[in-house]
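To be precise, the following lines are entry.pdb, and they hold PDB, C-alpha atoms.
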ATOM      1  CA  MET A 451      25.725  12.665 -17.907
ATOM      2  CA  SER A 452      22.163  12.218 -16.689
ATOM      3  CA  LYS A 453      21.497  11.829 -12.971
ATOM      4  CA  SER A 454      21.338   8.328 -11.517
ATOM      5  CA  VAL A 455      18.582   6.906  -9.319
ATOM      6  CA  LEU A 456      18.239   3.787  -7.174
ATOM      7  CA  VAL A 457      14.583   2.729  -6.828
ATOM      8  CA  THR A 458      13.534   0.909  -3.630
ATOM      9  CA  ASP A 459      10.135  -0.708  -3.171
ATOM     10  CA  ASP A 460       8.953  -4.212  -2.292
ATOM     11  CA  ALA A 461       6.180  -4.040  -4.904
ATOM     12  CA  LEU A 462       7.173  -4.776  -8.467
ATOM     13  CA  TYR A 463       4.399  -2.500  -9.712
ATOM     14  CA  CYS A 464       5.699   0.515  -7.772
ATOM     15  CA  ARG A 465       9.268  -0.038  -8.930
ATOM     16  CA  MET A 466       8.084  -0.175 -12.516
ATOM     17  CA  GLU A 467       5.934   2.927 -12.193
ATOM     18  CA  LEU A 468       8.805   4.947 -10.781
ATOM     19  CA  LYS A 469      11.191   3.628 -13.392
ATOM     20  CA  ASN A 470       8.830   4.649 -16.199
ATOM     21  CA  ILE A 471       8.286   8.124 -14.777
ATOM     22  CA  LEU A 472      11.991   8.752 -14.189
ATOM     23  CA  THR A 473      13.335   7.369 -17.455
ATOM     24  CA  SER A 474      10.715   9.337 -19.420
ATOM     25  CA  ARG A 475      12.543  12.490 -18.295
ATOM     26  CA  GLY A 476      16.037  11.226 -18.892
ATOM     27  CA  TYR A 477      17.008  10.049 -15.434
ATOM     28  CA  ARG A 478      19.008   6.803 -15.323
ATOM     29  CA  VAL A 479      17.612   4.124 -13.048
ATOM     30  CA  VAL A 480      20.863   2.375 -12.194
ATOM     31  CA  GLY A 481      19.452  -0.142  -9.768
ATOM     32  CA  GLU A 482      16.436  -1.535  -7.957
ATOM     33  CA  ALA A 483      16.089  -2.791  -4.407
ATOM     34  CA  ARG A 484      13.242  -4.801  -2.884
ATOM     35  CA  ASN A 485      13.880  -3.876   0.744
ATOM     36  CA  GLY A 486      15.957  -1.579   2.901
ATOM     37  CA  GLN A 487      18.830  -4.011   3.266
ATOM     38  CA  GLU A 488      19.200  -4.325  -0.486
ATOM     39  CA  ALA A 489      18.980  -0.537  -0.820
ATOM     40  CA  VAL A 490      21.887  -0.064   1.605
ATOM     41  CA  GLU A 491      24.007  -2.640  -0.241
ATOM     42  CA  ARG A 492      23.165  -1.195  -3.639
ATOM     43  CA  TYR A 493      23.825   2.337  -2.416
ATOM     44  CA  ARG A 494      27.312   1.357  -1.267
ATOM     45  CA  GLU A 495      27.998  -0.163  -4.657
ATOM     46  CA  LEU A 496      26.327   2.359  -6.990
ATOM     47  CA  ARG A 497      26.458   5.717  -5.169
ATOM     48  CA  PRO A 498      23.468   7.085  -7.071
ATOM     49  CA  ASP A 499      22.520  10.768  -7.078
ATOM     50  CA  LEU A 500      19.138   9.881  -5.589
ATOM     51  CA  VAL A 501      17.488   6.986  -3.760
ATOM     52  CA  THR A 502      13.704   6.588  -3.826
ATOM     53  CA  MET A 503      12.616   4.723  -0.699
ATOM     54  CA  ASP A 504       9.359   2.994   0.187
ATOM     55  CA  VAL A 505       8.476   3.253   3.870
ATOM     56  CA  VAL A 506       7.124  -0.171   4.775
ATOM     57  CA  MET A 507       9.149  -3.092   3.461
ATOM     58  CA  PRO A 508      10.197  -6.520   4.678
ATOM     59  CA  GLU A 509      13.657  -7.287   6.105
ATOM     60  CA  MET A 510      14.594  -3.651   6.676
ATOM     61  CA  ASP A 511      12.079  -0.811   6.494
ATOM     62  CA  GLY A 512      12.614   2.546   4.810
ATOM     63  CA  VAL A 513      13.318   4.447   8.032
ATOM     64  CA  ALA A 514      16.126   2.103   9.072
ATOM     65  CA  ALA A 515      17.541   2.168   5.532
ATOM     66  CA  VAL A 516      17.610   5.981   5.534
ATOM     67  CA  LYS A 517      19.606   5.917   8.766
ATOM     68  CA  LYS A 518      22.085   3.338   7.395
ATOM     69  CA  ILE A 519      22.558   5.153   4.096
ATOM     70  CA  ARG A 520      23.100   8.466   5.887
ATOM     71  CA  GLU A 521      25.757   6.755   8.014
ATOM     72  CA  ILE A 522      27.534   5.659   4.844
ATOM     73  CA  ASP A 523      27.082   9.013   3.145
ATOM     74  CA  PRO A 524      25.763  11.975   5.166
ATOM     75  CA  GLY A 525      25.138  13.797   1.884
ATOM     76  CA  ALA A 526      22.891  11.088   0.407
ATOM     77  CA  THR A 527      19.683  12.363  -1.168
ATOM     78  CA  ILE A 528      16.680  10.217  -0.344
ATOM     79  CA  LEU A 529      13.099  10.659  -1.533
ATOM     80  CA  MET A 530      10.516   8.774   0.528
ATOM     81  CA  CYS A 531       7.501   7.185  -1.153
ATOM     82  CA  SER A 532       4.530   6.540   1.087
ATOM     83  CA  SER A 533       0.791   6.171   1.156
ATOM     84  CA  MET A 534      -1.619   8.201   3.261
ATOM     85  CA  GLY A 535      -1.719   5.793   6.156
ATOM     86  CA  GLN A 536       1.995   5.948   6.892
ATOM     87  CA  ARG A 537       2.311   9.483   8.169
ATOM     88  CA  SER A 538       4.004   8.706  11.460
ATOM     89  CA  LEU A 539       6.636   6.509   9.803
ATOM     90  CA  LEU A 540       7.149   9.128   7.139
ATOM     91  CA  MET A 541       7.873  11.753   9.798
ATOM     92  CA  GLU A 542      10.416   9.396  11.330
ATOM     93  CA  ALA A 543      12.118   9.010   7.958
ATOM     94  CA  LEU A 544      12.305  12.765   7.455
ATOM     95  CA  GLN A 545      13.748  13.172  10.930
ATOM     96  CA  ALA A 546      16.283  10.462  10.089
ATOM     97  CA  GLY A 547      17.540  12.467   7.131
ATOM     98  CA  ALA A 548      15.279  11.820   4.147
ATOM     99  CA  SER A 549      15.045  14.919   1.968
ATOM    100  CA  ASP A 550      11.479  14.914   0.713
ATOM    101  CA  PHE A 551       8.517  12.633   0.111
ATOM    102  CA  VAL A 552       5.925  11.815  -2.521
ATOM    103  CA  THR A 553       2.688   9.971  -1.911
ATOM    104  CA  LYS A 554       1.261   6.944  -3.649
ATOM    105  CA  PRO A 555      -0.375   6.553  -6.086
ATOM    106  CA  PHE A 556       2.464   8.207  -7.996
ATOM    107  CA  ARG A 557       1.718  11.197 -10.161
ATOM    108  CA  ASP A 558       4.294  11.967 -12.819
ATOM    109  CA  ARG A 559       4.310  15.677 -12.144
ATOM    110  CA  SER A 560       4.648  15.399  -8.404
ATOM    111  CA  VAL A 561       7.423  12.787  -8.607
ATOM    112  CA  LEU A 562       9.336  14.747 -11.246
ATOM    113  CA  ASN A 563       8.945  18.054  -9.364
ATOM    114  CA  SER A 564      10.425  16.501  -6.247
ATOM    115  CA  VAL A 565      13.239  14.778  -8.123
ATOM    116  CA  ARG A 566      14.092  17.922 -10.081
ATOM    117  CA  LYS A 567      14.135  19.965  -6.888
ATOM    118  CA  LEU A 568      16.481  17.471  -5.234
ATOM    119  CA  ILE A 569      18.963  16.599  -7.974
ATOM    120  CA  GLY A 570      18.158  18.846 -10.906
TER
ATOM    121  CA  MET B1430      -5.081   7.643  25.136
ATOM    122  CA  ASP B1431      -8.477   6.123  25.817
ATOM    123  CA  SER B1432      -9.309   2.877  24.135
ATOM    124  CA  VAL B1433     -10.845   3.390  20.780
ATOM    125  CA  ARG B1434     -14.257   1.902  20.269
ATOM    126  CA  LEU B1435     -15.399   2.234  16.715
ATOM    127  CA  ASP B1436     -18.331   0.110  15.677
ATOM    128  CA  LYS B1437     -18.363  -2.247  12.725
ATOM    129  CA  ARG B1438     -20.302   0.173  10.611
ATOM    130  CA  GLU B1439     -17.785   2.987  11.188
ATOM    131  CA  LEU B1440     -14.943   0.697  10.199
ATOM    132  CA  ALA B1441     -16.770  -0.450   7.070
ATOM    133  CA  GLU B1442     -17.699   3.127   6.161
ATOM    134  CA  ALA B1443     -14.040   4.167   6.375
ATOM    135  CA  VAL B1444     -13.004   1.356   4.024
ATOM    136  CA  ILE B1445     -15.847   1.987   1.564
ATOM    137  CA  ASP B1446     -15.060   5.716   1.543
ATOM    138  CA  ALA B1447     -11.383   4.919   0.998
ATOM    139  CA  ALA B1448     -12.146   2.533  -1.872
ATOM    140  CA  SER B1449     -14.380   5.138  -3.427
ATOM    141  CA  MET B1450     -11.670   7.812  -3.115
ATOM    142  CA  VAL B1451      -8.951   5.616  -4.602
ATOM    143  CA  LEU B1452     -11.138   4.417  -7.489
ATOM    144  CA  THR B1453     -12.303   7.965  -8.243
ATOM    145  CA  ASP B1454      -8.711   9.094  -8.313
ATOM    146  CA  LEU B1455      -7.747   6.249 -10.599
ATOM    147  CA  LEU B1456     -10.687   6.189 -13.016
ATOM    148  CA  LYS B1457     -11.506   9.921 -12.855
ATOM    149  CA  LEU B1458     -15.152   9.090 -12.276
ATOM    150  CA  PRO B1459     -16.740   8.550  -8.871
ATOM    151  CA  PRO B1460     -18.279   5.104  -8.433
ATOM    152  CA  ARG B1461     -21.943   4.830  -7.479
ATOM    153  CA  ARG B1462     -22.311   3.302  -4.068
ATOM    154  CA  GLY B1463     -24.849   0.579  -3.409
ATOM    155  CA  GLN B1464     -26.536  -0.333  -0.141
ATOM    156  CA  MET B1465     -24.570  -1.789   2.717
ATOM    157  CA  GLN B1466     -25.392  -5.396   3.490
ATOM    158  CA  ILE B1467     -24.342  -8.098   5.914
ATOM    159  CA  THR B1468     -22.886 -11.042   4.068
ATOM    160  CA  PRO B1469     -20.518 -13.961   4.746
ATOM    161  CA  ILE B1470     -17.289 -14.191   2.760
ATOM    162  CA  GLN B1471     -15.451 -17.361   3.657
ATOM    163  CA  PHE B1472     -15.287 -18.145  -0.046
ATOM    164  CA  THR B1473     -14.789 -15.742  -2.914
ATOM    165  CA  ARG B1474     -17.809 -14.792  -4.957
ATOM    166  CA  ASP B1475     -16.048 -12.685  -7.554
ATOM    167  CA  GLU B1476     -13.621 -13.677 -10.283
ATOM    168  CA  LEU B1477     -10.894 -11.705  -8.588
ATOM    169  CA  THR B1478     -10.505 -10.776  -4.923
ATOM    170  CA  ILE B1479      -7.860  -8.598  -3.286
ATOM    171  CA  VAL B1480      -7.377  -9.478   0.381
ATOM    172  CA  THR B1481      -5.681  -7.252   2.958
ATOM    173  CA  ARG B1482      -5.436  -7.807   6.682
ATOM    174  CA  ILE B1483      -5.440  -5.019   9.242
ATOM    175  CA  SER B1484      -4.276  -5.169  12.831
ATOM    176  CA  GLY B1485      -3.674  -2.717  15.610
ATOM    177  CA  ASP B1486      -6.455  -1.159  17.638
ATOM    178  CA  ILE B1487      -8.856  -2.931  15.331
ATOM    179  CA  SER B1488      -8.203  -6.178  13.540
ATOM    180  CA  GLY B1489      -9.979  -7.521  10.535
ATOM    181  CA  GLU B1490      -9.821  -8.250   6.855
ATOM    182  CA  ILE B1491     -10.677  -6.222   3.793
ATOM    183  CA  PHE B1492     -11.798  -7.853   0.563
ATOM    184  CA  LEU B1493     -12.176  -6.101  -2.772
ATOM    185  CA  GLY B1494     -13.966  -8.404  -5.198
ATOM    186  CA  MET B1495     -14.454  -7.672  -8.869
ATOM    187  CA  SER B1496     -15.028  -9.180 -12.283
ATOM    188  CA  LYS B1497     -12.144  -9.778 -14.665
ATOM    189  CA  GLU B1498     -13.464  -6.976 -16.872
ATOM    190  CA  ALA B1499     -13.465  -4.491 -13.996
ATOM    191  CA  ALA B1500      -9.972  -5.611 -12.934
ATOM    192  CA  LEU B1501      -8.634  -5.252 -16.469
ATOM    193  CA  ALA B1502     -10.130  -1.762 -16.788
ATOM    194  CA  ILE B1503      -8.560  -0.710 -13.492
ATOM    195  CA  LEU B1504      -5.239  -2.237 -14.548
ATOM    196  CA  ARG B1505      -5.289  -0.340 -17.858
ATOM    197  CA  GLN B1506      -5.439   2.876 -15.845
ATOM    198  CA  MET B1507      -2.777   1.780 -13.392
ATOM    199  CA  LEU B1508      -0.352   0.447 -15.991
ATOM    200  CA  ARG B1509      -1.258   2.958 -18.707
ATOM    201  CA  ARG B1510      -1.300   0.326 -21.413
ATOM    202  CA  GLU B1511      -3.457  -2.455 -22.805
ATOM    203  CA  VAL B1512      -3.818  -5.373 -20.395
ATOM    204  CA  THR B1513      -5.248  -8.751 -21.308
ATOM    205  CA  GLY B1514      -4.209 -11.091 -18.506
ATOM    206  CA  PHE B1515      -3.059 -11.361 -14.927
ATOM    207  CA  GLY B1516       0.685 -11.900 -14.813
ATOM    208  CA  ARG B1517       3.131 -11.063 -12.044
ATOM    209  CA  LEU B1518       3.081  -7.320 -12.718
ATOM    210  CA  GLU B1519      -0.713  -7.169 -13.002
ATOM    211  CA  LYS B1520      -1.162  -9.028  -9.705
ATOM    212  CA  SER B1521       1.392  -6.744  -8.084
ATOM    213  CA  ALA B1522      -0.600  -3.722  -9.325
ATOM    214  CA  LEU B1523      -3.866  -5.145  -7.965
ATOM    215  CA  ALA B1524      -2.213  -5.879  -4.633
ATOM    216  CA  GLU B1525      -0.999  -2.276  -4.583
ATOM    217  CA  LEU B1526      -4.598  -1.171  -5.161
ATOM    218  CA  GLY B1527      -5.545  -3.144  -2.040
ATOM    219  CA  THR B1528      -2.736  -1.499  -0.101
ATOM    220  CA  LEU B1529      -3.754   1.971  -1.286
ATOM    221  CA  VAL B1530      -7.376   1.453  -0.283
ATOM    222  CA  THR B1531      -6.372   0.013   3.082
ATOM    223  CA  ASP B1532      -3.809   2.705   3.853
ATOM    224  CA  THR B1533      -6.312   5.400   2.908
ATOM    225  CA  ALA B1534      -8.857   3.764   5.227
ATOM    226  CA  LEU B1535      -6.264   3.574   7.998
ATOM    227  CA  ALA B1536      -5.586   7.291   7.643
ATOM    228  CA  LEU B1537      -9.334   7.928   8.048
ATOM    229  CA  LEU B1538      -9.419   5.634  11.091
ATOM    230  CA  GLU B1539      -6.374   7.347  12.578
ATOM    231  CA  GLU B1540      -8.248  10.651  12.418
ATOM    232  CA  ARG B1541     -10.865   9.000  14.625
ATOM    233  CA  GLY B1542      -8.207   7.843  17.067
ATOM    234  CA  ALA B1543      -7.764   4.226  15.950
ATOM    235  CA  LEU B1544      -4.187   3.243  15.163
ATOM    236  CA  CYS B1545      -3.993   0.302  12.807
ATOM    237  CA  TYR B1546      -1.551  -1.088  10.288
ATOM    238  CA  SER B1547      -1.977  -3.112   7.160
ATOM    239  CA  THR B1548      -0.129  -6.289   6.381
ATOM    240  CA  TRP B1549       0.410  -7.340   2.793
ATOM    241  CA  SER B1550      -2.261  -7.605   0.144
ATOM    242  CA  GLY B1551      -2.804 -10.794  -1.824
ATOM    243  CA  VAL B1552      -4.785 -11.490  -4.962
ATOM    244  CA  VAL B1553      -7.068 -14.502  -5.229
ATOM    245  CA  THR B1554      -8.346 -15.518  -8.620
ATOM    246  CA  GLY B1555     -11.499 -17.545  -9.121
ATOM    247  CA  ARG B1556     -14.783 -18.061  -7.306
ATOM    248  CA  GLU B1557     -15.379 -20.411  -4.376
ATOM    249  CA  GLU B1558     -11.801 -20.071  -3.129
ATOM    250  CA  ARG B1559     -11.450 -19.961   0.625
ATOM    251  CA  VAL B1560     -10.063 -16.572   1.647
ATOM    252  CA  THR B1561     -10.371 -16.547   5.403
ATOM    253  CA  PRO B1562     -10.587 -19.082   8.195
ATOM    254  CA  PHE B1563     -13.025 -16.829  10.057
ATOM    255  CA  SER B1564     -16.742 -17.245   9.728
ATOM    256  CA  GLU B1565     -17.627 -13.726  10.866
ATOM    257  CA  PRO B1566     -20.088 -12.050   8.525
ATOM    258  CA  THR B1567     -18.811  -8.978   6.719
ATOM    259  CA  LEU B1568     -20.328  -5.612   6.018
ATOM    260  CA  ALA B1569     -20.336  -5.154   2.295
ATOM    261  CA  ALA B1570     -21.219  -2.498  -0.233
ATOM    262  CA  PRO B1571     -20.883  -2.579  -4.006
ATOM    263  CA  LEU B1572     -19.254   0.323  -5.823
ATOM    264  CA  SER B1573     -20.577   0.541  -9.378
ATOM    265  CA  LEU B1574     -18.121   1.643 -12.011
ATOM    266  CA  ALA B1575     -18.749   2.105 -15.714
ATOM    267  CA  VAL B1576     -16.807  -1.125 -16.235
ATOM    268  CA  GLY B1577     -18.487  -3.238 -13.573
ATOM    269  CA  GLU B1578     -18.712  -3.502  -9.815
ATOM    270  CA  VAL B1579     -16.113  -3.567  -7.081
ATOM    271  CA  ASN B1580     -17.542  -5.310  -4.024
ATOM    272  CA  VAL B1581     -16.053  -4.005  -0.809
ATOM    273  CA  ASN B1582     -16.303  -6.437   2.122
ATOM    274  CA  VAL B1583     -15.018  -5.585   5.576
ATOM    275  CA  MET B1584     -14.644  -8.201   8.266
ATOM    276  CA  PHE B1585     -14.214  -6.925  11.780
ATOM    277  CA  GLU B1586     -12.614  -9.405  14.158
ATOM    278  CA  GLY B1587     -12.193  -7.331  17.266
ATOM    279  CA  TYR B1588     -10.135  -4.930  19.248
ATOM    280  CA  ALA B1589      -6.477  -5.610  19.488
ATOM    281  CA  PRO B1590      -3.785  -5.691  22.057
ATOM    282  CA  PHE B1591      -2.511  -2.174  22.350
ATOM    283  CA  ALA B1592      -5.695  -0.141  22.643
ATOM    284  CA  TRP B1593      -4.885   0.336  26.345
ATOM    285  CA  ALA B1594      -1.350   1.674  25.841
ATOM    286  CA  SER B1595       0.029   5.213  25.759
ATOM    287  CA  PRO B1596       0.190   6.950  22.346
ATOM    288  CA  GLU B1597       3.993   6.446  22.237
ATOM    289  CA  ALA B1598       3.737   2.770  23.119
ATOM    290  CA  ARG B1599       0.984   2.292  20.551
ATOM    291  CA  LEU B1600       3.101   3.853  17.825
ATOM    292  CA  ALA B1601       6.106   1.771  18.815
ATOM    293  CA  ALA B1602       3.995  -1.369  18.900
ATOM    294  CA  ARG B1603       2.474  -0.589  15.548
ATOM    295  CA  ARG B1604       5.873   0.002  14.055
ATOM    296  CA  SER B1605       7.395  -3.189  15.384
ATOM    297  CA  LEU B1606       4.346  -5.203  14.404
ATOM    298  CA  ARG B1607       4.302  -3.782  10.901
ATOM    299  CA  LEU B1608       7.894  -4.577  10.353
ATOM    300  CA  SER B1609       8.229  -7.917  11.988
ATOM    301  CA  PRO B1610       9.743 -10.512   9.669
ATOM    302  CA  GLY B1611       7.173 -12.540   7.863
ATOM    303  CA  GLU B1612       4.479  -9.867   7.997
ATOM    304  CA  ARG B1613       5.087  -9.077   4.377
ATOM    305  CA  PRO B1614       6.618 -11.281   1.747
ATOM    306  CA  ALA B1615      10.081 -10.465   0.472
ATOM    307  CA  GLU B1616       9.069  -9.503  -3.001
ATOM    308  CA  GLU B1617       5.667 -10.141  -4.381
ATOM    309  CA  PRO B1618       2.408 -10.683  -2.589
ATOM    310  CA  VAL B1619       1.866 -14.400  -2.489
ATOM    311  CA  PRO B1620      -1.484 -15.404  -3.966
ATOM    312  CA  LEU B1621      -3.656 -16.932  -1.292
ATOM    313  CA  ALA B1622      -4.991 -19.435  -3.753
ATOM    314  CA  ALA B1623      -4.088 -20.431  -7.280
TER
END
What's the structure tokens form of this structure?
Amino acid sequence: MSKSVLVTDDALYCRMELKNILTSRGYRVVGEARNGQEAVERYRELRPDLVTMDVVMPEMDGVAAVKKIREIDPGATILMCSSMGQRSLLMEALQAGASDFVTKPFRDRSVLNSVRKLIG
Amino acid sequence: MDSVRLDKRELAEAVIDAASMVLTDLLKLPPRRGQMQITPIQFTRDELTIVTRISGDISGEIFLGMSKEAALAILRQMLRREVTGFGRLEKSALAELGTLVTDTALALLEERGALCYSTWSGVVTGREERVTPFSEPTLAAPLSLAVGEVNVNVMFEGYAPFAWASPEARLAARRSLRLSPGERPAEEPVPLAA
């Protein structure tokens, strides 16, 4: 069965972009979350192979969500998605247990390379 | 860290450079930059305006104004399909363009020692819509694309509260400010005007 992904971003456009890139290569996007809190809840419920995580979001940010998800599942694989101006927060997320990161705007090749490296 | 004192021109240059970089990346053709001018922008002058607020060491507002044709051409590249109108997804994509430009500018400012953060971006459609309560003039420069112009306006309000603090305190303050409830809407950027 193809690998499952939970996409987290507060922007509809970014969620759609990621979904298009991932499904074009056979990954299953099993859920979407609009903030960190939703991502944690959806992770508990869906246990996807990979979570893509925006850094800055309302309610709960990406760094806090990484910490919560890693508490639930220390083996969780999380790919951070950030823009250039979020370097310090991105470093925090990696220190909190995120596996890798891609930068916005998304490029198919770079997203797919990271995803392939993480979950095959 | 010493207080950062960038002048208005340096701030505007960072934003114009960032807009140019993002648009070049998107359209695969560098825009031609026009002359910088001082101009008021309490009301929109373009058919479509993306508004983003920045705070931190420097506070201000960034406006990206454009014609519908220019917006549609940019959206075709972003969405990789034909676009004819401005629905929820299209406005979300334009708001993301504002965020990308602002975050790129913030990275350039950070290299010069100014720590800032962006709040959410909103999209205003139509001319003569009020976009800011401030009457400060902006520094503006047009970026000419094959499909029309993107007018970059940067309003500088002043220096903000944590310029005096230690680097660690500044980062912590930036983080808590960025993430405070209500800074960004729960799902979609809320249009500032209909």
Quick check on the file I pasted: which residues fall under the PyMOL selection byres ((chain A) within 10 of (chain B))? Write them as JSON, numbers by chain. {"A": [459, 460, 461, 462, 463, 464, 466, 467, 483, 484, 485, 506, 507, 508, 509, 510, 511, 532, 533, 534, 535, 536, 537, 538, 539, 554, 555, 556]}
Sphere at (19.6, 7.2, 2.5), radius 7 Å, counting only C-alpha atoms: residues as a VMD selection string: chain A and resid 501 515 to 520 526 to 528 548
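Between CA of Thr1561 in chain B and CA of Leu1501 in chain B the separation is 24.7 Å.
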Up to 12 Å from (9.3, 17.6, 6.9) in the file's coordinates: name the residues, counting only C-alpha atoms, as a PyMOL selection string. chain A and resi 529-530+537-552
Name all residues at most 6 Å from range 1477-1483 of chain B (count all atoms listed in the file; drop same-chain ones fewer than 2 positions away) and give them as a PyMOL selection string. chain B and resi 1475+1488-1495+1546-1548+1550-1555
Find the distance between CA of Gln1466 in chain B and CA of Ala1448 in chain B and write it in Å to one decimal. 16.3 Å
Find the distance between CA of Glu1476 in chain B and CA of Glu1586 in chain B and write it in Å to one decimal. 24.8 Å
So which residues touch Gln1506 in chain B within 10 Å, counting only C-alpha atoms, skipping near sequence neighbours fewer than 6 positions away, as a PyMOL selection string? chain B and resi 1455-1457+1512
